[in-house]
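Q: Just so it is clear, I am handing over final.txt, which has compact mmCIF, C-alpha atoms.
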# COMPACT_ATOMS: atom_id res chain seq x y z
CA MET B 243 -100.73 -33.54 20.19
CA SER B 244 -100.40 -31.91 23.60
CA ASP B 245 -103.13 -29.73 25.01
CA ILE B 246 -100.84 -26.70 24.77
CA GLU B 247 -100.01 -27.42 21.14
CA GLU B 248 -103.67 -27.72 20.30
CA ARG B 249 -104.53 -24.41 21.92
CA VAL B 250 -101.60 -22.65 20.24
CA LYS B 251 -102.57 -24.07 16.87
CA LYS B 252 -106.15 -22.90 17.32
CA ILE B 253 -104.96 -19.34 17.96
CA VAL B 254 -102.69 -19.42 14.90
CA VAL B 255 -105.49 -20.75 12.69
CA GLU B 256 -107.94 -18.14 13.93
CA HIS B 257 -105.56 -15.25 13.79
CA LEU B 258 -103.76 -15.89 10.51
CA GLY B 259 -106.72 -17.45 8.75
CA VAL B 260 -104.69 -20.44 7.54
CA GLU B 261 -105.91 -24.01 7.23
CA GLU B 262 -104.94 -26.17 10.15
CA ALA B 263 -103.57 -28.87 7.84
CA LYS B 264 -101.02 -26.41 6.45
CA ILE B 265 -99.44 -25.71 9.82
CA GLN B 266 -96.38 -27.80 10.58
CA SER B 267 -94.73 -27.49 13.95
CA ASP B 268 -91.71 -25.85 12.31
CA SER B 269 -93.66 -23.59 9.93
CA LYS B 270 -92.51 -20.02 10.35
CA PHE B 271 -95.32 -17.55 11.05
CA ILE B 272 -93.88 -14.94 8.72
CA ASP B 273 -92.10 -16.93 6.00
CA ASP B 274 -94.50 -19.88 5.72
CA LEU B 275 -97.86 -18.74 7.06
CA GLY B 276 -98.10 -15.24 5.61
CA ALA B 277 -97.97 -13.28 8.87
CA ASP B 278 -96.63 -9.74 8.93
CA SER B 279 -94.54 -8.42 11.80
CA LEU B 280 -97.55 -6.98 13.61
CA ASP B 281 -99.29 -10.36 13.37
CA THR B 282 -96.47 -11.91 15.36
CA VAL B 283 -97.00 -9.30 18.07
CA GLU B 284 -100.71 -10.03 18.06
CA LEU B 285 -100.09 -13.78 18.23
CA VAL B 286 -97.94 -13.30 21.30
CA MET B 287 -100.65 -11.13 22.88
CA ALA B 288 -103.19 -13.88 22.16
CA PHE B 289 -100.89 -16.50 23.71
CA GLU B 290 -100.51 -14.32 26.79
CA GLU B 291 -104.25 -14.04 27.12
CA GLU B 292 -104.94 -17.73 26.54
CA PHE B 293 -102.26 -18.96 28.90
CA GLY B 294 -102.44 -16.20 31.52
CA CYS B 295 -98.75 -15.38 31.39
CA GLU B 296 -96.63 -12.47 30.33
CA ILE B 297 -94.12 -13.04 27.54
CA PRO B 298 -91.32 -10.46 27.71
CA ASP B 299 -90.21 -8.78 24.47
CA ASP B 300 -86.87 -10.58 24.30
CA ALA B 301 -88.57 -13.98 24.56
CA ALA B 302 -91.37 -12.93 22.21
CA GLU B 303 -88.89 -12.11 19.47
CA LYS B 304 -87.63 -15.71 19.54
CA ILE B 305 -91.06 -17.21 19.02
CA VAL B 306 -91.13 -17.60 15.23
CA THR B 307 -92.74 -21.03 14.83
CA LEU B 308 -95.53 -23.05 16.41
CA LYS B 309 -92.89 -25.24 18.05
CA ASP B 310 -91.16 -22.18 19.60
CA ALA B 311 -94.45 -21.08 21.09
CA VAL B 312 -95.31 -24.52 22.45
CA THR B 313 -91.84 -24.92 23.98
CA TYR B 314 -91.97 -21.50 25.63
CA LEU B 315 -95.50 -21.93 26.94
CA THR B 316 -94.86 -25.45 28.22
CA ALA B 317 -92.01 -24.08 30.31
CA ASN B 318 -93.63 -20.81 31.40
CA SER B 319 -97.40 -20.97 31.48
CA ASN B 320 -99.35 -21.52 34.68
CA MET D 300 -119.17 12.63 15.99
CA PHE D 301 -117.22 10.91 18.77
CA LYS D 302 -120.01 8.94 20.39
CA ASN D 303 -118.98 5.69 22.16
CA LYS D 304 -115.30 6.49 21.70
CA LYS D 305 -112.64 6.90 24.35
CA LEU D 306 -110.19 9.78 24.34
CA LEU D 307 -107.00 10.36 26.29
CA VAL D 308 -105.41 13.80 26.13
CA THR D 309 -102.20 14.30 28.08
CA GLY D 310 -101.94 17.63 29.86
CA GLY D 311 -105.66 18.31 29.96
CA THR D 312 -105.40 21.27 32.33
CA GLY D 313 -103.36 23.43 29.95
CA THR D 314 -104.99 25.90 27.58
CA ILE D 315 -104.83 23.70 24.50
CA GLY D 316 -105.46 20.45 26.40
CA SER D 317 -108.61 21.87 28.05
CA SER D 318 -109.83 23.09 24.72
CA ILE D 319 -109.34 19.70 23.07
CA CYS D 320 -111.27 17.92 25.86
CA HIS D 321 -114.04 20.48 25.61
CA TYR D 322 -114.29 20.12 21.82
CA PHE D 323 -114.57 16.34 21.99
CA LYS D 324 -117.16 16.56 24.75
CA SER D 325 -119.21 19.04 22.71
CA ASN D 326 -119.11 16.59 19.83
CA GLY D 327 -120.42 13.56 21.66
CA CYS D 328 -117.39 12.02 23.37
CA GLU D 329 -118.45 10.81 26.82
CA ASP D 330 -115.35 8.95 27.89
CA ILE D 331 -112.52 11.43 28.31
CA TYR D 332 -109.31 10.72 30.21
CA SER D 333 -106.44 13.05 30.90
CA THR D 334 -103.25 13.46 32.86
CA THR D 335 -102.05 16.33 34.97
CA THR D 336 -99.00 16.94 37.11
CA SER D 337 -101.25 18.04 39.98
CA MET D 338 -104.92 17.56 40.68
CA ASN D 339 -104.96 21.13 42.03
CA LYS D 340 -104.77 22.36 38.44
CA VAL D 341 -108.07 20.74 37.49
CA LYS D 342 -110.68 23.43 36.93
CA THR D 343 -114.20 23.28 38.28
CA ASP D 344 -115.73 22.96 34.82
CA GLN D 345 -113.58 19.90 34.08
CA GLU D 346 -115.50 17.42 36.20
CA TYR D 347 -116.40 15.41 33.12
CA ILE D 348 -112.74 14.51 32.56
CA LYS D 349 -111.26 11.49 34.33
CA PHE D 350 -107.91 12.87 35.43
CA LYS D 351 -104.92 10.81 36.55
CA GLU D 352 -102.12 12.50 38.37
CA LEU D 353 -99.03 11.68 36.36
CA ASN D 354 -95.80 13.58 35.97
CA LEU D 355 -94.60 12.73 32.47
CA ASN D 356 -91.04 13.58 33.52
CA ASN D 357 -91.21 10.46 35.65
CA ILE D 358 -93.38 8.23 33.49
CA LYS D 359 -90.97 5.30 33.23
CA ASN D 360 -91.42 4.64 36.94
CA PHE D 361 -95.16 4.67 36.59
CA ASN D 362 -97.37 1.61 36.22
CA LEU D 363 -99.40 2.42 33.11
CA ASP D 364 -100.97 -1.06 33.07
CA LYS D 365 -102.56 -0.31 36.39
CA THR D 366 -103.60 3.29 35.70
CA PHE D 367 -104.92 2.70 32.21
CA ASP D 368 -106.14 -0.89 32.11
CA HIS D 369 -108.59 0.01 29.34
CA ASP D 370 -108.14 0.70 25.66
CA ILE D 371 -108.72 4.06 24.00
CA ASP D 372 -109.70 5.16 20.50
CA TYR D 373 -108.02 8.55 20.39
CA LEU D 374 -104.65 9.36 21.91
CA VAL D 375 -103.70 13.02 21.86
CA LEU D 376 -100.15 13.63 23.03
CA ASN D 377 -100.52 17.22 24.03
CA ALA D 378 -98.61 17.73 27.28
CA GLY D 379 -95.58 19.91 26.72
CA LEU D 380 -93.01 21.81 28.65
CA ASN D 381 -90.67 24.61 27.69
CA ARG D 382 -87.53 25.71 29.51
CA ASP D 383 -86.21 28.44 27.24
CA ASN D 384 -82.71 29.86 27.30
CA ILE D 385 -80.00 30.60 24.78
CA PHE D 386 -78.18 27.39 24.12
CA LEU D 387 -74.91 28.50 25.68
CA ARG D 388 -76.73 29.03 28.96
CA MET D 389 -79.00 26.01 28.78
CA SER D 390 -78.52 23.60 31.67
CA SER D 391 -78.58 19.86 31.14
CA ASP D 392 -81.56 19.75 33.52
CA ASP D 393 -83.49 22.05 31.21
CA TRP D 394 -82.49 19.92 28.26
CA ASN D 395 -83.43 16.64 29.93
CA SER D 396 -86.76 17.67 31.40
CA VAL D 397 -88.00 19.06 28.08
CA ILE D 398 -86.87 15.97 26.16
CA ASN D 399 -88.36 13.70 28.83
CA VAL D 400 -91.77 15.33 28.94
CA ASN D 401 -92.20 16.25 25.28
CA LEU D 402 -90.54 13.24 23.68
CA ASN D 403 -89.65 10.30 25.94
CA SER D 404 -93.04 10.16 27.65
CA SER D 405 -94.58 9.55 24.21
CA PHE D 406 -92.55 6.36 23.89
CA HIS D 407 -94.09 4.88 27.02
CA LEU D 408 -97.64 6.03 26.30
CA LEU D 409 -97.48 4.84 22.70
CA LYS D 410 -96.07 1.44 23.70
CA HIS D 411 -98.92 0.99 26.11
CA PHE D 412 -101.79 2.14 23.93
CA THR D 413 -100.76 1.09 20.41
CA LYS D 414 -100.79 -2.52 21.54
CA LYS D 415 -104.44 -2.17 22.44
CA MET D 416 -105.18 -0.26 19.23
CA VAL D 417 -103.54 -2.97 17.10
CA LYS D 418 -105.74 -5.52 18.82
CA LYS D 419 -108.95 -3.64 18.15
CA ARG D 420 -107.81 -2.49 14.72
CA PHE D 421 -108.65 1.11 15.28
CA GLY D 422 -106.79 4.09 16.60
CA ARG D 423 -106.24 7.77 16.00
CA ILE D 424 -103.02 9.18 17.37
CA VAL D 425 -102.42 12.94 17.24
CA PHE D 426 -99.34 14.70 18.50
CA ILE D 427 -99.30 18.38 19.30
CA SER D 428 -96.10 19.61 17.68
CA SER D 429 -95.17 23.24 17.06
CA VAL D 430 -94.37 25.56 14.19
CA VAL D 431 -90.93 26.15 15.69
CA ALA D 432 -90.05 22.49 15.11
CA HIS D 433 -90.06 23.39 11.42
CA THR D 434 -88.67 26.92 11.47
CA GLY D 435 -86.33 26.90 14.48
CA ASN D 436 -86.49 29.48 17.25
CA PRO D 437 -83.65 31.07 19.19
CA GLY D 438 -83.80 30.16 22.87
CA GLN D 439 -85.64 26.94 22.22
CA VAL D 440 -83.02 24.44 21.14
CA ASN D 441 -84.38 21.85 23.58
CA TYR D 442 -88.03 22.51 22.77
CA THR D 443 -87.55 22.53 18.99
CA ALA D 444 -85.45 19.36 19.19
CA SER D 445 -88.21 17.57 21.09
CA LYS D 446 -90.92 18.76 18.71
CA ALA D 447 -88.92 18.06 15.53
CA ALA D 448 -88.39 14.50 16.76
CA ILE D 449 -92.15 14.09 16.74
CA SER D 450 -92.19 14.50 12.94
CA GLY D 451 -90.00 11.41 12.66
CA ILE D 452 -92.18 9.42 15.03
CA VAL D 453 -95.33 10.42 13.19
CA LYS D 454 -93.98 9.27 9.84
CA SER D 455 -92.39 5.99 10.93
CA LEU D 456 -95.18 4.96 13.26
CA ALA D 457 -97.80 5.83 10.63
CA LEU D 458 -96.07 3.41 8.25
CA GLU D 459 -95.85 0.68 10.86
CA LEU D 460 -99.46 0.85 11.97
CA SER D 461 -101.28 1.71 8.76
CA THR D 462 -102.41 -1.86 8.05
CA ARG D 463 -104.30 -1.90 11.36
CA ASN D 464 -106.47 1.14 10.65
CA ILE D 465 -104.45 3.29 13.00
CA THR D 466 -103.50 6.76 11.81
CA VAL D 467 -100.72 8.88 13.27
CA ASN D 468 -100.62 12.61 12.60
CA SER D 469 -99.62 15.82 14.25
CA VAL D 470 -100.99 19.32 14.57
CA ALA D 471 -98.37 22.07 14.61
CA PRO D 472 -99.76 25.22 16.26
CA GLY D 473 -98.27 28.61 15.55
CA PHE D 474 -98.65 31.23 18.27
CA ILE D 475 -101.77 30.48 20.28
CA GLU D 476 -103.19 32.48 23.22
CA SER D 477 -102.13 30.14 26.00
CA ASN D 478 -100.30 29.95 29.31
CA MET D 479 -97.13 29.43 27.30
CA THR D 480 -97.52 32.61 25.22
CA LYS D 481 -98.77 34.60 28.23
CA LYS D 482 -95.19 34.57 29.48
CA LEU D 483 -94.14 36.75 26.52
CA ASN D 484 -93.73 40.49 27.12
CA ASN D 485 -95.48 43.10 24.95
CA ASP D 486 -92.48 43.74 22.72
CA GLN D 487 -92.16 40.03 22.02
CA LYS D 488 -95.88 39.78 21.39
CA ASN D 489 -95.90 42.72 18.95
CA SER D 490 -92.96 41.39 17.05
CA ILE D 491 -94.71 38.04 16.69
CA LEU D 492 -97.97 39.67 15.56
CA GLY D 493 -96.00 41.54 12.92
CA ARG D 494 -94.94 38.21 11.45
CA ILE D 495 -98.38 36.59 11.39
CA PRO D 496 -100.25 37.35 8.14
CA MET D 497 -103.61 37.05 9.94
CA LYS D 498 -102.39 39.65 12.49
CA LYS D 499 -103.72 37.77 15.49
CA LEU D 500 -102.73 34.94 17.78
CA GLY D 501 -104.60 31.70 17.29
CA ASP D 502 -107.24 30.49 19.70
CA SER D 503 -106.85 27.15 21.43
CA SER D 504 -110.15 26.07 19.86
CA ASP D 505 -108.47 26.37 16.44
CA ILE D 506 -106.10 23.60 17.54
CA ALA D 507 -108.88 21.53 19.11
CA LYS D 508 -110.83 21.59 15.84
CA ALA D 509 -107.78 20.43 13.88
CA VAL D 510 -107.27 17.55 16.33
CA GLY D 511 -110.97 16.74 16.09
CA PHE D 512 -110.72 16.65 12.31
CA LEU D 513 -107.79 14.23 12.36
CA CYS D 514 -109.71 11.92 14.72
CA SER D 515 -112.96 12.14 12.75
CA GLU D 516 -114.11 9.97 9.89
CA ASN D 517 -113.32 12.85 7.54
CA ALA D 518 -109.63 12.09 8.00
CA ASN D 519 -109.76 8.29 7.68
CA TYR D 520 -107.29 8.28 4.77
CA ILE D 521 -104.85 10.80 6.27
CA THR D 522 -101.79 9.47 8.06
CA GLY D 523 -98.19 10.48 8.66
CA GLN D 524 -99.03 14.15 8.18
CA THR D 525 -98.53 17.42 10.00
CA LEU D 526 -101.38 19.89 9.92
CA HIS D 527 -100.07 23.43 10.37
CA VAL D 528 -102.44 25.76 12.18
CA ASN D 529 -100.61 29.07 12.34
CA GLY D 530 -102.46 31.91 10.62
CA GLY D 531 -99.97 31.87 7.76
CA LEU D 532 -96.92 32.39 9.98
CA ALA D 533 -94.96 29.68 8.24
CA LEU D 534 -95.96 28.03 4.99
CA ILE D 535 -94.30 24.66 4.98
Any chance you could give the structure as structure tokens?

A:
Amino acid sequence: MSDIEERVKKIVVEHLGVEEAKIQSDSKFIDDLGADSLDTVELVMAFEEEFGCEIPDDAAEKIVTLKDAVTYLTANSN
Amino acid sequence: MFKNKKLLVTGGTGTIGSSICHYFKSNGCEDIYSTTTSMNKVKTDQEYIKFKELNLNNIKNFNLDKTFDHDIDYLVLNAGLNRDNIFLRMSSDDWNSVINVNLNSSFHLLKHFTKKMVKKRFGRIVFISSVVAHTGNPGQVNYTASKAAISGIVKSLALELSTRNITVNSVAPGFIESNMTKKLNNDQKNSILGRIPMKKLGDSSDIAKAVGFLCSENANYITGQTLHVNGGLALI
């Protein structure tokens, strides 16, 4: 598991209160992990904070799984 | 009542805005921010308020992240503008500036601050609306349109944010002794008084107390509502 993936997973676990073992890289935050729409906004804010980058709204809307987040952050974080 | 909480009131130099700031200060709030179109309007007894010069007509070109890099607990969207004229003589400038200041500026301020409120899972948002948003008023098509739109925002935003302990309400003043009603001539004033069951204009402190109530713990379970403070002028 990459460093980025590990950090993203940690945020998801902490924020959504789900067990780490239940998170697959293609689990959807809303459909599979019980997030509501505000949780997804908060997750993106937490990613921004952790990785010191700004995720614009149009990109944020496309981040619906762990994999989406890791892919975006791998390409865009400092 | 408001100890260790942060308040932002837009338009803090106006009659109602000043009164709201004063009420919160008197009830323990020590961190009060406000906006004004010109620092010259700040009164000498308002030193306790941290003012930012910000013309809400131009807010989209303004860097809110830089000006307000902190969170707040209470957001009171009070700043308002009227440019009255019968509709057939209303210029598009008068339309646009009223909609910009009274309505569009709220979009930008809310975007900025609700994010921080969601994060800290607390927020009290209070709009200052107006009785005329609910009754209509000749000569104020632009003003009533901007204020009526607030009712929609209050309801939808209240639903969106309710799970994060953020309430969204509005206070709808009737006729209040203020700079806005000072512009009325005596005939207009008398005709208004004739329609108010309490036979007097409201005081700005009446509005401040209603705002204070909606931000206090007494109103924790109240959201999406409009509190009418109008001496019986309109019972809605």

Q: Any idea what the distance is between CA of Asp372 in chain D and CA of Met416 in chain D?

A: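 Going from CA of Asp372 in chain D over to CA of Met416 in chain D covers 7.2 Å.
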
Q: Set out as a Markdown table a contact list for chain B and chain D with a cut-off of 9 Å, giving each residue of chain B that qualifies its closest atom pair and distance in Å to one decimal, counting only C-alpha atoms, ordered by chain and rising residue number.

A:
| residue | atom | partner | partner_atom | distance |
| --- | --- | --- | --- | --- |
| B:Leu280 | CA | D:Val417 | CA | 8.0 |
| B:Val283 | CA | D:Lys414 | CA | 8.5 |
| B:Glu284 | CA | D:Lys418 | CA | 6.8 |
| B:Met287 | CA | D:Lys418 | CA | 8.6 |

Q: Rounded to one decimal place, report the CA of Pro496 in chain D-CA of Phe386 in chain D distance in Å.

A: 29.0 Å

Q: Find, counting all atoms listed in the file, the residue in D:Lys324, D:Lys498, D:Arg423, D:Lys359 that gets nearest to Met300 in chain D.

A: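 Answer, going by the shortest atom-to-atom distance: D:Lys324.
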
Q: Which residues are near range 257-259 of chain B? Cut-off 7 Å, all atoms listed in the file, ignore same chain within fewer than 3 positions. Put them as a list in words.

A: Ile253, Val254 and Ala277 of chain B

Q: Looking at D:Lys419, D:Lys454, D:Asn381, D:Phe474, which one is nearest to Gln487 in chain D, with distances taken over all atoms listed in the file?

A: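 The closest residue to Gln487 in chain D is D:Phe474.
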
Q: Range 503-515 of chain D: which residues within 6 Å, counting all atoms listed in the file, same-chain residues fewer than 6 positions away excluded, as a list in words?

A: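 Contacts, with the query itself left out: Ile315, Ser318, Ile319 and Arg423 of chain D.
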
Q: For CA of Thr309 in chain D and CA of Phe361 in chain D, determine how far apart the two atoms are, in Å to one decimal place.

A: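 For CA of Thr309 in chain D relative to CA of Phe361 in chain D, the distance reads 14.7 Å.
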
Q: Env of range 291-294 of chain B: 10 Å cut, atoms = all atoms listed in the file, seq-sep filter 4 positions within chain, self excluded. Answer as a PyMOL selection string.

A: chain B and resi 246+249-250+253+285-287+315-316+318-320

Q: Determine, counting all atoms listed in the file, which protein, DNA and RNA residues have an atom within 7 Å of an atom of range 531-535 of chain D; residues of the same chain fewer than 2 positions away are not included. Present the result as an mmCIF file with C-alpha atoms, in the frame of the given file.

A:
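Result went into around36.cif, see below:
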data_model
loop_
_atom_site.group_PDB
_atom_site.id
_atom_site.type_symbol
_atom_site.label_atom_id
_atom_site.label_comp_id
_atom_site.auth_asym_id
_atom_site.auth_seq_id
_atom_site.Cartn_x
_atom_site.Cartn_y
_atom_site.Cartn_z
ATOM 1 C CA GLY D 473 -98.270 28.610 15.550
ATOM 2 C CA ARG D 494 -94.940 38.210 11.450
ATOM 3 C CA ILE D 495 -98.380 36.590 11.390
ATOM 4 C CA PRO D 496 -100.250 37.350 8.140
ATOM 5 C CA MET D 497 -103.610 37.050 9.940
ATOM 6 C CA ASN D 529 -100.610 29.070 12.340
#

Q: I'd like the contact shell of Tyr332 in chain D - 10 Å cut-off, all atoms listed in the file, skipping same-chain residues fewer than 3 positions apart - returned as a list in words.

A: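 Once the adjacent positions are removed, what remains is Lys305, Leu306, Leu307, Val308, Thr309, Gly311, Cys320, Glu329, Tyr347, Ile348, Lys349, Phe350, Lys351, Phe367, Ile371 and Leu374 of chain D.
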
Q: Have a look at B:Asp273, B:Ser267, B:Asp245, B:Ser279 and name the one nearest to Ala311 in chain B; count all atoms listed in the file.

A: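 Nearest to Ala311 in chain B: B:Ser267.
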
Q: Output, as lines of an AutoDock Vina configuration file, the centre and edge lengths in Å (one decimal) of the axis-aligned box that contains all listed atoms of range 310-329 of chain D with 8 Å of margin on each side.

A:
center_x = -111.2
center_y = 18.4
center_z = 26.1
size_x = 34.5
size_y = 31.1
size_z = 28.5

Q: In terms of the shortest atom-to-atom distance over all atoms listed in the file, which of B:Cys295, B:Leu308, B:Glu303, B:Ala288 is closest to Phe271 in chain B?

A: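 Closest residue, counting all atoms listed in the file: B:Leu308.
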